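Here is the structure we will look at, set down as structure tokens.
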Protein chains: 2
Amino acid sequence: MPKPAHHVLVCLNARPPGNPKGSCAEKGSEELFDALKAMVKERGLPVIVNRTNCLKHCSRGITVAVHPGNVWYAGVTQADLPEIVEAHLENGTPVERLFMPDIPWE
Amino acid sequence: MPKPAHHVLVCLNARPPGNPKGSCAEKGSEELFDALKAMVKERGLPVIVNRTNCLKHCSRGITVAVHPGNVWYAGVTQADLPEIVEAHLENGTPVERLFMPDIPWE
């Protein structure tokens, strides 16, 4: 698999408790990242899942970006992962209900 | 800028000195990441630059991926940054001489 069919980026940025911006880490992005990696591996998908620093949508986290398509998801929870994996990563149809609104970077 | 025109991922994975795989961090990817972010900011480009964990081409690092286009660069040094920024991120023409060969993930 020289190049991945999808490249998934999960924001793992952490801020101290009480920071007004909040952060994806405090919403459980470490566990989300681990769970998504495990699902992709279990299904043998040609997908690379990486952890990143801040994806600039802190108040809407957990933020997840998927390429190709420049698809940005907001408020992702573990409950959303099966749908993202099956619809988007397996079958190529992004999950519209999770799309990040057109807001400025934070 | 609701969505970035380009999303650049720089591998910041670190391994202990002497590890046979090597790592991008030991080749200076932290400094490369900082320099690239500064160049993008200075030019005001609609580009987001993120640091990631392992991009799976350790022996060919420093590894940098750019979306859209699923462009993967190998052996990137600070000397290559002006060309990547000007040709690819500003003018949309990837830098072919730095393309990652079609090798398996490591």
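Identifiers for the structure tokens are assigned positionally: chains receive A, B, ... in sequence, residues are indexed from 1 per chain, and ligands are indexed from 1 in the order shown.
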For chain B against chain A, with a cut-off of 7 Å and counting only C-alpha atoms, what is the closest atom pair and its distance in Å to one decimal for every residue that makes the cut, ordered by chain and number, as a tab-separated table?
```
residue	atom	partner	partner_atom	distance
B:Met1	CA	A:Pro104	CA	5.8
B:Pro2	CA	A:Asp102	CA	5.0
B:Asn50	CA	A:Thr52	CA	6.0
B:Arg51	CA	A:Thr52	CA	5.4
B:Thr52	CA	A:Thr52	CA	4.6
B:Asn53	CA	A:Arg51	CA	5.9
B:His67	CA	A:His67	CA	6.7
B:Pro68	CA	A:Pro68	CA	6.0
B:Asp102	CA	A:Pro2	CA	5.0
B:Ile103	CA	A:Pro2	CA	5.3
B:Pro104	CA	A:Pro2	CA	5.1
B:Trp105	CA	A:Pro2	CA	6.5
```
Residues from the last selection, C-alpha atoms, saved as a CSV table (one decimal), in the first residue's frame:
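Full text of result-v8.csv as output:
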```
chain,number,residue,atom,x,y,z
B,1,MET,CA,-10.6,30.8,5.8
B,2,PRO,CA,-13.1,28.0,6.7
B,50,ASN,CA,0.2,20.1,11.3
B,51,ARG,CA,2.6,17.9,13.1
B,52,THR,CA,1.7,14.2,13.2
B,53,ASN,CA,2.9,10.9,14.7
B,67,HIS,CA,-3.4,17.4,0.5
B,68,PRO,CA,-5.2,17.7,-1.8
B,102,ASP,CA,6.2,3.7,-4.3
B,103,ILE,CA,7.5,1.7,-1.3
B,104,PRO,CA,5.6,-0.3,1.3
B,105,TRP,CA,4.7,1.4,4.6
```
Going by DSSP on the backbone, which residues of range 13-61 of chain B come out as strand (DSSP E)? List them as a ChimeraX atom specification.
/B:47-52
Would you output that residue set with N, CA and C atoms, as a PDB file, in the first residue's frame?
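Output (again.pdb):
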```pdb
ATOM      1  N   VAL B  47      -3.116  27.876   4.207  1.00  0.00           N
ATOM      2  CA  VAL B  47      -2.550  26.531   4.357  1.00  0.00           C
ATOM      3  C   VAL B  47      -2.471  26.215   5.839  1.00  0.00           C
ATOM      4  N   ILE B  48      -2.874  25.005   6.216  1.00  0.00           N
ATOM      5  CA  ILE B  48      -2.691  24.584   7.596  1.00  0.00           C
ATOM      6  C   ILE B  48      -1.553  23.557   7.641  1.00  0.00           C
ATOM      7  N   VAL B  49      -0.638  23.772   8.558  1.00  0.00           N
ATOM      8  CA  VAL B  49       0.519  22.881   8.727  1.00  0.00           C
ATOM      9  C   VAL B  49       0.379  22.194  10.080  1.00  0.00           C
ATOM     10  N   ASN B  50       0.326  20.873  10.069  1.00  0.00           N
ATOM     11  CA  ASN B  50       0.206  20.130  11.332  1.00  0.00           C
ATOM     12  C   ASN B  50       1.350  19.151  11.526  1.00  0.00           C
ATOM     13  N   ARG B  51       1.641  18.885  12.772  1.00  0.00           N
ATOM     14  CA  ARG B  51       2.601  17.856  13.136  1.00  0.00           C
ATOM     15  C   ARG B  51       1.832  16.565  13.397  1.00  0.00           C
ATOM     16  N   THR B  52       2.418  15.454  12.995  1.00  0.00           N
ATOM     17  CA  THR B  52       1.748  14.162  13.190  1.00  0.00           C
ATOM     18  C   THR B  52       2.691  13.168  13.864  1.00  0.00           C
TER      19      THR B  52
END
```
Skip Cys58 in chain B itself and residues of its chain fewer than 3 positions away, then list as JSON, numbers by chain all residues within 8 Å of it, counting only C-alpha atoms.
{"B": [21, 22, 23, 24, 54, 55, 61, 62, 63, 106]}
Next, dump the selected residues to file, keeping only C-alpha atoms, as a PDB file, in the first residue's frame.
```pdb
ATOM      1  CA  LYS B  21      14.239   2.341  11.594  1.00  0.00           C
ATOM      2  CA  GLY B  22      15.472   5.816  12.404  1.00  0.00           C
ATOM      3  CA  SER B  23      12.908   8.546  12.717  1.00  0.00           C
ATOM      4  CA  CYS B  24      11.978  11.896  11.261  1.00  0.00           C
ATOM      5  CA  CYS B  54       4.592   8.355  12.350  1.00  0.00           C
ATOM      6  CA  LEU B  55       3.841   8.750   8.640  1.00  0.00           C
ATOM      7  CA  GLY B  61      12.296  10.817   6.317  1.00  0.00           C
ATOM      8  CA  ILE B  62      11.800  13.588   6.828  1.00  0.00           C
ATOM      9  CA  THR B  63       8.373  12.670   5.506  1.00  0.00           C
ATOM     10  CA  GLU B 106       7.271   0.806   7.332  1.00  0.00           C
TER      11      GLU B 106
END
```
Lay chain A over chain B using all C-alpha atoms, matched one to one in order, with a least-squares fit; then write it out as a tab-separated table (two decimals) with N, CA and C atoms, in the first residue's frame.
```tsv
chain	number	residue	atom	x	y	z
A	1	MET	N	-11.14	31.98	6.58
A	1	MET	CA	-10.63	30.80	5.88
A	1	MET	C	-11.23	29.53	6.48
A	2	PRO	N	-12.47	29.21	6.10
A	2	PRO	CA	-13.13	28.04	6.71
A	2	PRO	C	-12.40	26.73	6.45
A	3	LYS	N	-11.90	26.52	5.25
A	3	LYS	CA	-11.14	25.30	4.96
A	3	LYS	C	-9.81	25.69	4.33
A	4	PRO	N	-8.76	24.96	4.68
A	4	PRO	CA	-7.47	25.29	4.07
A	4	PRO	C	-7.41	24.84	2.62
A	5	ALA	N	-6.66	25.60	1.81
A	5	ALA	CA	-6.43	25.20	0.41
A	5	ALA	C	-5.48	24.01	0.35
A	6	HIS	N	-4.53	23.98	1.27
A	6	HIS	CA	-3.65	22.82	1.40
A	6	HIS	C	-3.53	22.45	2.87
A	7	HIS	N	-3.43	21.16	3.10
A	7	HIS	CA	-3.20	20.65	4.46
A	7	HIS	C	-1.87	19.91	4.42
A	8	VAL	N	-0.91	20.42	5.17
A	8	VAL	CA	0.44	19.86	5.15
A	8	VAL	C	0.70	19.13	6.46
A	9	LEU	N	1.18	17.90	6.35
A	9	LEU	CA	1.46	17.08	7.52
A	9	LEU	C	2.95	16.78	7.57
A	10	VAL	N	3.55	17.12	8.70
A	10	VAL	CA	4.98	16.88	8.90
A	10	VAL	C	5.14	15.82	9.99
A	11	CYS	N	5.90	14.77	9.67
A	11	CYS	CA	6.09	13.69	10.65
A	11	CYS	C	7.06	14.14	11.74
A	12	LEU	N	6.59	14.08	12.98
A	12	LEU	CA	7.44	14.45	14.13
A	12	LEU	C	7.77	13.22	14.96
A	13	ASN	N	7.62	12.04	14.38
A	13	ASN	CA	7.84	10.84	15.19
A	13	ASN	C	9.30	10.75	15.65
A	14	ALA	N	9.47	10.36	16.90
A	14	ALA	CA	10.80	10.21	17.48
A	14	ALA	C	11.03	8.77	17.90
A	15	ARG	N	12.25	8.28	17.66
A	15	ARG	CA	12.66	6.98	18.19
A	15	ARG	C	13.99	7.15	18.90
A	16	PRO	N	14.31	6.24	19.81
A	16	PRO	CA	15.59	6.38	20.52
A	16	PRO	C	16.77	6.30	19.54
A	17	PRO	N	17.86	7.00	19.85
A	17	PRO	CA	19.05	6.92	19.01
A	17	PRO	C	19.49	5.47	18.82
A	18	GLY	N	19.87	5.11	17.62
A	18	GLY	CA	20.33	3.75	17.35
A	18	GLY	C	19.24	2.82	16.87
A	19	ASN	N	17.98	3.25	16.96
A	19	ASN	CA	16.90	2.41	16.45
A	19	ASN	C	17.10	2.21	14.94
A	20	PRO	N	17.02	0.94	14.47
A	20	PRO	CA	17.34	0.68	13.06
A	20	PRO	C	16.39	1.39	12.08
A	21	LYS	N	15.17	1.66	12.50
A	21	LYS	CA	14.24	2.35	11.60
A	21	LYS	C	14.60	3.81	11.43
A	22	GLY	N	15.28	4.37	12.42
A	22	GLY	CA	15.48	5.81	12.41
A	22	GLY	C	14.16	6.52	12.64
A	23	SER	N	14.17	7.81	12.56
A	23	SER	CA	12.91	8.55	12.72
A	23	SER	C	13.07	9.95	12.13
A	24	CYS	N	11.94	10.55	11.85
A	24	CYS	CA	11.99	11.90	11.27
A	24	CYS	C	12.48	12.91	12.29
A	25	ALA	N	12.13	12.70	13.57
A	25	ALA	CA	12.55	13.67	14.58
A	25	ALA	C	14.07	13.77	14.66
A	26	GLU	N	14.75	12.63	14.57
A	26	GLU	CA	16.21	12.68	14.68
A	26	GLU	C	16.85	13.35	13.47
A	27	LYS	N	16.08	13.50	12.41
A	27	LYS	CA	16.58	14.21	11.22
A	27	LYS	C	16.21	15.69	11.23
A	28	GLY	N	15.59	16.13	12.31
A	28	GLY	CA	15.33	17.57	12.44
A	28	GLY	C	13.93	18.00	12.07
A	29	SER	N	12.95	17.09	12.20
A	29	SER	CA	11.61	17.46	11.75
A	29	SER	C	10.94	18.52	12.62
A	30	GLU	N	11.33	18.60	13.88
A	30	GLU	CA	10.74	19.65	14.74
A	30	GLU	C	11.11	21.04	14.19
A	31	GLU	N	12.37	21.21	13.85
A	31	GLU	CA	12.82	22.49	13.31
A	31	GLU	C	12.21	22.74	11.92
A	32	LEU	N	12.11	21.66	11.14
A	32	LEU	CA	11.50	21.80	9.81
A	32	LEU	C	10.05	22.25	9.92
A	33	PHE	N	9.33	21.65	10.86
A	33	PHE	CA	7.93	22.00	11.09
A	33	PHE	C	7.82	23.48	11.47
A	34	ASP	N	8.64	23.91	12.40
A	34	ASP	CA	8.59	25.31	12.83
A	34	ASP	C	8.90	26.26	11.67
A	35	ALA	N	9.90	25.90	10.88
A	35	ALA	CA	10.30	26.77	9.77
A	35	ALA	C	9.20	26.85	8.71
A	36	LEU	N	8.58	25.72	8.42
A	36	LEU	CA	7.51	25.70	7.41
A	36	LEU	C	6.31	26.51	7.89
A	37	LYS	N	5.94	26.33	9.14
A	37	LYS	CA	4.83	27.13	9.69
A	37	LYS	C	5.10	28.63	9.58
A	38	ALA	N	6.33	29.01	9.89
A	38	ALA	CA	6.69	30.43	9.85
A	38	ALA	C	6.61	30.97	8.42
A	39	MET	N	7.05	30.17	7.43
A	39	MET	CA	7.02	30.63	6.04
A	39	MET	C	5.59	30.78	5.53
A	40	VAL	N	4.76	29.83	5.91
A	40	VAL	CA	3.35	29.88	5.49
A	40	VAL	C	2.66	31.10	6.10
A	41	LYS	N	2.96	31.35	7.38
A	41	LYS	CA	2.36	32.49	8.07
A	41	LYS	C	2.84	33.81	7.47
A	42	GLU	N	4.14	33.89	7.21
A	42	GLU	CA	4.73	35.12	6.67
A	42	GLU	C	4.11	35.48	5.32
A	43	ARG	N	3.82	34.45	4.54
A	43	ARG	CA	3.25	34.71	3.21
A	43	ARG	C	1.72	34.79	3.23
A	44	GLY	N	1.13	34.52	4.37
A	44	GLY	CA	-0.33	34.62	4.49
A	44	GLY	C	-1.07	33.60	3.64
A	45	LEU	N	-0.50	32.41	3.50
A	45	LEU	CA	-1.12	31.39	2.65
A	45	LEU	C	-2.29	30.70	3.37
A	46	PRO	N	-3.32	30.31	2.62
A	46	PRO	CA	-4.46	29.59	3.21
A	46	PRO	C	-4.13	28.11	3.38
A	47	VAL	N	-3.13	27.87	4.19
A	47	VAL	CA	-2.56	26.53	4.35
A	47	VAL	C	-2.47	26.21	5.83
A	48	ILE	N	-2.89	25.00	6.22
A	48	ILE	CA	-2.69	24.58	7.60
A	48	ILE	C	-1.55	23.56	7.64
A	49	VAL	N	-0.64	23.77	8.56
A	49	VAL	CA	0.52	22.88	8.73
A	49	VAL	C	0.38	22.20	10.08
A	50	ASN	N	0.33	20.88	10.06
A	50	ASN	CA	0.20	20.14	11.32
A	50	ASN	C	1.35	19.16	11.51
A	51	ARG	N	1.63	18.88	12.77
A	51	ARG	CA	2.59	17.85	13.14
A	51	ARG	C	1.83	16.57	13.40
A	52	THR	N	2.42	15.45	13.00
A	52	THR	CA	1.75	14.16	13.18
A	52	THR	C	2.69	13.17	13.86
A	53	ASN	N	2.11	12.07	14.28
A	53	ASN	CA	2.93	10.91	14.65
A	53	ASN	C	3.40	10.22	13.36
A	54	CYS	N	3.88	9.01	13.47
A	54	CYS	CA	4.59	8.36	12.36
A	54	CYS	C	3.80	8.32	11.05
A	55	LEU	N	4.44	8.79	9.97
A	55	LEU	CA	3.84	8.75	8.63
A	55	LEU	C	4.30	7.52	7.84
A	56	LYS	N	4.99	6.60	8.52
A	56	LYS	CA	5.23	5.25	7.99
A	56	LYS	C	6.23	5.15	6.85
A	57	HIS	N	7.12	6.11	6.78
A	57	HIS	CA	8.22	6.00	5.82
A	57	HIS	C	9.52	6.42	6.50
A	58	CYS	N	9.78	5.80	7.63
A	58	CYS	CA	10.85	6.23	8.54
A	58	CYS	C	12.20	6.34	7.85
A	59	SER	N	12.55	5.34	7.04
A	59	SER	CA	13.90	5.35	6.47
A	59	SER	C	14.06	6.43	5.41
A	60	ARG	N	12.94	6.96	4.92
A	60	ARG	CA	12.99	7.99	3.88
A	60	ARG	C	12.71	9.38	4.42
A	61	GLY	N	12.65	9.52	5.73
A	61	GLY	CA	12.30	10.82	6.32
A	61	GLY	C	13.34	11.89	6.04
A	62	ILE	N	13.03	13.11	6.23
A	62	ILE	CA	11.79	13.59	6.83
A	62	ILE	C	10.64	13.46	5.84
A	63	THR	N	9.56	12.89	6.32
A	63	THR	CA	8.38	12.66	5.49
A	63	THR	C	7.38	13.80	5.69
A	64	VAL	N	6.86	14.29	4.55
A	64	VAL	CA	5.86	15.35	4.56
A	64	VAL	C	4.76	14.96	3.58
A	65	ALA	N	3.51	15.05	4.01
A	65	ALA	CA	2.38	14.76	3.11
A	65	ALA	C	1.60	16.05	2.88
A	66	VAL	N	1.11	16.22	1.65
A	66	VAL	CA	0.34	17.41	1.30
A	66	VAL	C	-0.96	17.01	0.63
A	67	HIS	N	-2.07	17.55	1.13
A	67	HIS	CA	-3.37	17.35	0.52
A	67	HIS	C	-3.92	18.70	0.11
A	68	PRO	N	-4.76	18.79	-0.97
A	68	PRO	CA	-5.19	17.69	-1.82
A	68	PRO	C	-4.05	17.19	-2.70
A	69	GLY	N	-4.31	16.04	-3.32
A	69	GLY	CA	-3.35	15.48	-4.25
A	69	GLY	C	-2.64	14.26	-3.70
A	70	ASN	N	-2.73	14.08	-2.35
A	70	ASN	CA	-2.09	12.90	-1.75
A	70	ASN	C	-0.62	12.86	-2.13
A	71	VAL	N	0.01	14.01	-2.06
A	71	VAL	CA	1.43	14.13	-2.41
A	71	VAL	C	2.28	13.81	-1.18
A	72	TRP	N	3.20	12.88	-1.35
A	72	TRP	CA	4.08	12.48	-0.26
A	72	TRP	C	5.51	12.79	-0.65
A	73	TYR	N	6.18	13.54	0.22
A	73	TYR	CA	7.58	13.91	-0.01
A	73	TYR	C	8.50	13.12	0.90
A	74	ALA	N	9.68	12.80	0.37
A	74	ALA	CA	10.71	12.05	1.12
A	74	ALA	C	11.96	12.91	1.29
A	75	GLY	N	12.65	12.67	2.39
A	75	GLY	CA	13.96	13.29	2.58
A	75	GLY	C	13.94	14.80	2.55
A	76	VAL	N	12.86	15.38	3.07
A	76	VAL	CA	12.73	16.84	3.01
A	76	VAL	C	13.69	17.50	4.01
A	77	THR	N	14.38	18.52	3.54
A	77	THR	CA	15.26	19.31	4.41
A	77	THR	C	14.80	20.76	4.39
A	78	GLN	N	15.37	21.54	5.28
A	78	GLN	CA	15.00	22.96	5.31
A	78	GLN	C	15.33	23.65	3.99
A	79	ALA	N	16.36	23.15	3.31
A	79	ALA	CA	16.74	23.75	2.02
A	79	ALA	C	15.66	23.57	0.97
A	80	ASP	N	14.80	22.55	1.17
A	80	ASP	CA	13.73	22.29	0.19
A	80	ASP	C	12.48	23.15	0.44
A	81	LEU	N	12.39	23.75	1.60
A	81	LEU	CA	11.14	24.42	1.95
A	81	LEU	C	10.74	25.58	1.04
A	82	PRO	N	11.67	26.45	0.64
A	82	PRO	CA	11.25	27.54	-0.24
A	82	PRO	C	10.61	27.03	-1.53
A	83	GLU	N	11.16	25.94	-2.09
A	83	GLU	CA	10.60	25.40	-3.33
A	83	GLU	C	9.22	24.78	-3.08
A	84	ILE	N	9.09	24.05	-1.99
A	84	ILE	CA	7.78	23.45	-1.68
A	84	ILE	C	6.74	24.55	-1.47
A	85	VAL	N	7.12	25.58	-0.76
A	85	VAL	CA	6.15	26.65	-0.47
A	85	VAL	C	5.77	27.40	-1.74
A	86	GLU	N	6.78	27.78	-2.52
A	86	GLU	CA	6.49	28.60	-3.69
A	86	GLU	C	5.83	27.80	-4.82
A	87	ALA	N	6.43	26.67	-5.16
A	87	ALA	CA	5.91	25.90	-6.29
A	87	ALA	C	4.59	25.22	-5.94
A	88	HIS	N	4.56	24.54	-4.82
A	88	HIS	CA	3.41	23.71	-4.50
A	88	HIS	C	2.30	24.49	-3.77
A	89	LEU	N	2.66	25.09	-2.64
A	89	LEU	CA	1.62	25.69	-1.80
A	89	LEU	C	1.10	27.01	-2.36
A	90	GLU	N	1.97	27.74	-3.05
A	90	GLU	CA	1.51	29.00	-3.65
A	90	GLU	C	0.96	28.80	-5.05
A	91	ASN	N	1.67	27.96	-5.84
A	91	ASN	CA	1.31	27.87	-7.25
A	91	ASN	C	0.74	26.54	-7.70
A	92	GLY	N	0.61	25.60	-6.77
A	92	GLY	CA	-0.13	24.38	-7.07
A	92	GLY	C	0.64	23.32	-7.84
A	93	THR	N	1.95	23.49	-7.99
A	93	THR	CA	2.74	22.51	-8.73
A	93	THR	C	3.63	21.72	-7.77
A	94	PRO	N	3.31	20.47	-7.51
A	94	PRO	CA	4.13	19.68	-6.59
A	94	PRO	C	5.58	19.54	-7.08
A	95	VAL	N	6.47	19.32	-6.15
A	95	VAL	CA	7.91	19.26	-6.44
A	95	VAL	C	8.30	17.80	-6.69
A	96	GLU	N	8.33	17.43	-7.96
A	96	GLU	CA	8.49	16.01	-8.32
A	96	GLU	C	9.78	15.39	-7.82
A	97	ARG	N	10.84	16.17	-7.77
A	97	ARG	CA	12.13	15.59	-7.39
A	97	ARG	C	12.12	15.07	-5.94
A	98	LEU	N	11.13	15.49	-5.16
A	98	LEU	CA	11.06	15.05	-3.76
A	98	LEU	C	10.01	13.96	-3.53
A	99	PHE	N	9.37	13.49	-4.59
A	99	PHE	CA	8.29	12.50	-4.41
A	99	PHE	C	8.80	11.24	-3.71
A	100	MET	N	8.00	10.76	-2.79
A	100	MET	CA	8.27	9.48	-2.12
A	100	MET	C	8.15	8.36	-3.16
A	101	PRO	N	9.13	7.44	-3.20
A	101	PRO	CA	8.98	6.30	-4.12
A	101	PRO	C	7.84	5.40	-3.66
A	102	ASP	N	7.34	4.58	-4.57
A	102	ASP	CA	6.22	3.67	-4.27
A	102	ASP	C	6.73	2.49	-3.46
A	103	ILE	N	6.94	2.72	-2.18
A	103	ILE	CA	7.46	1.67	-1.31
A	103	ILE	C	6.42	1.31	-0.26
A	104	PRO	N	6.53	0.10	0.31
A	104	PRO	CA	5.56	-0.27	1.34
A	104	PRO	C	5.72	0.61	2.58
A	105	TRP	N	4.66	0.68	3.34
A	105	TRP	CA	4.73	1.37	4.63
A	105	TRP	C	5.69	0.64	5.57
A	106	GLU	N	6.32	1.40	6.42
A	106	GLU	CA	7.28	0.80	7.34
A	106	GLU	C	6.71	0.75	8.75
```
All alpha helix (DSSP H) positions in chain B, as a compact mmCIF listing (two decimals) with C-alpha atoms, in the first residue's frame:
```txt
# COMPACT_ATOMS: atom_id res chain seq x y z
CA SER B 29 11.60 17.47 11.74
CA GLU B 30 10.73 19.65 14.73
CA GLU B 31 12.81 22.50 13.31
CA LEU B 32 11.49 21.79 9.80
CA PHE B 33 7.92 22.00 11.08
CA ASP B 34 8.60 25.31 12.83
CA ALA B 35 10.30 26.77 9.77
CA LEU B 36 7.51 25.70 7.41
CA LYS B 37 4.82 27.13 9.68
CA ALA B 38 6.68 30.42 9.85
CA MET B 39 7.03 30.62 6.05
CA VAL B 40 3.36 29.89 5.48
CA LYS B 41 2.35 32.49 8.06
CA GLU B 42 4.73 35.11 6.68
CA ARG B 43 3.25 34.70 3.20
CA LEU B 81 11.14 24.43 1.97
CA PRO B 82 11.26 27.54 -0.23
CA GLU B 83 10.61 25.41 -3.32
```
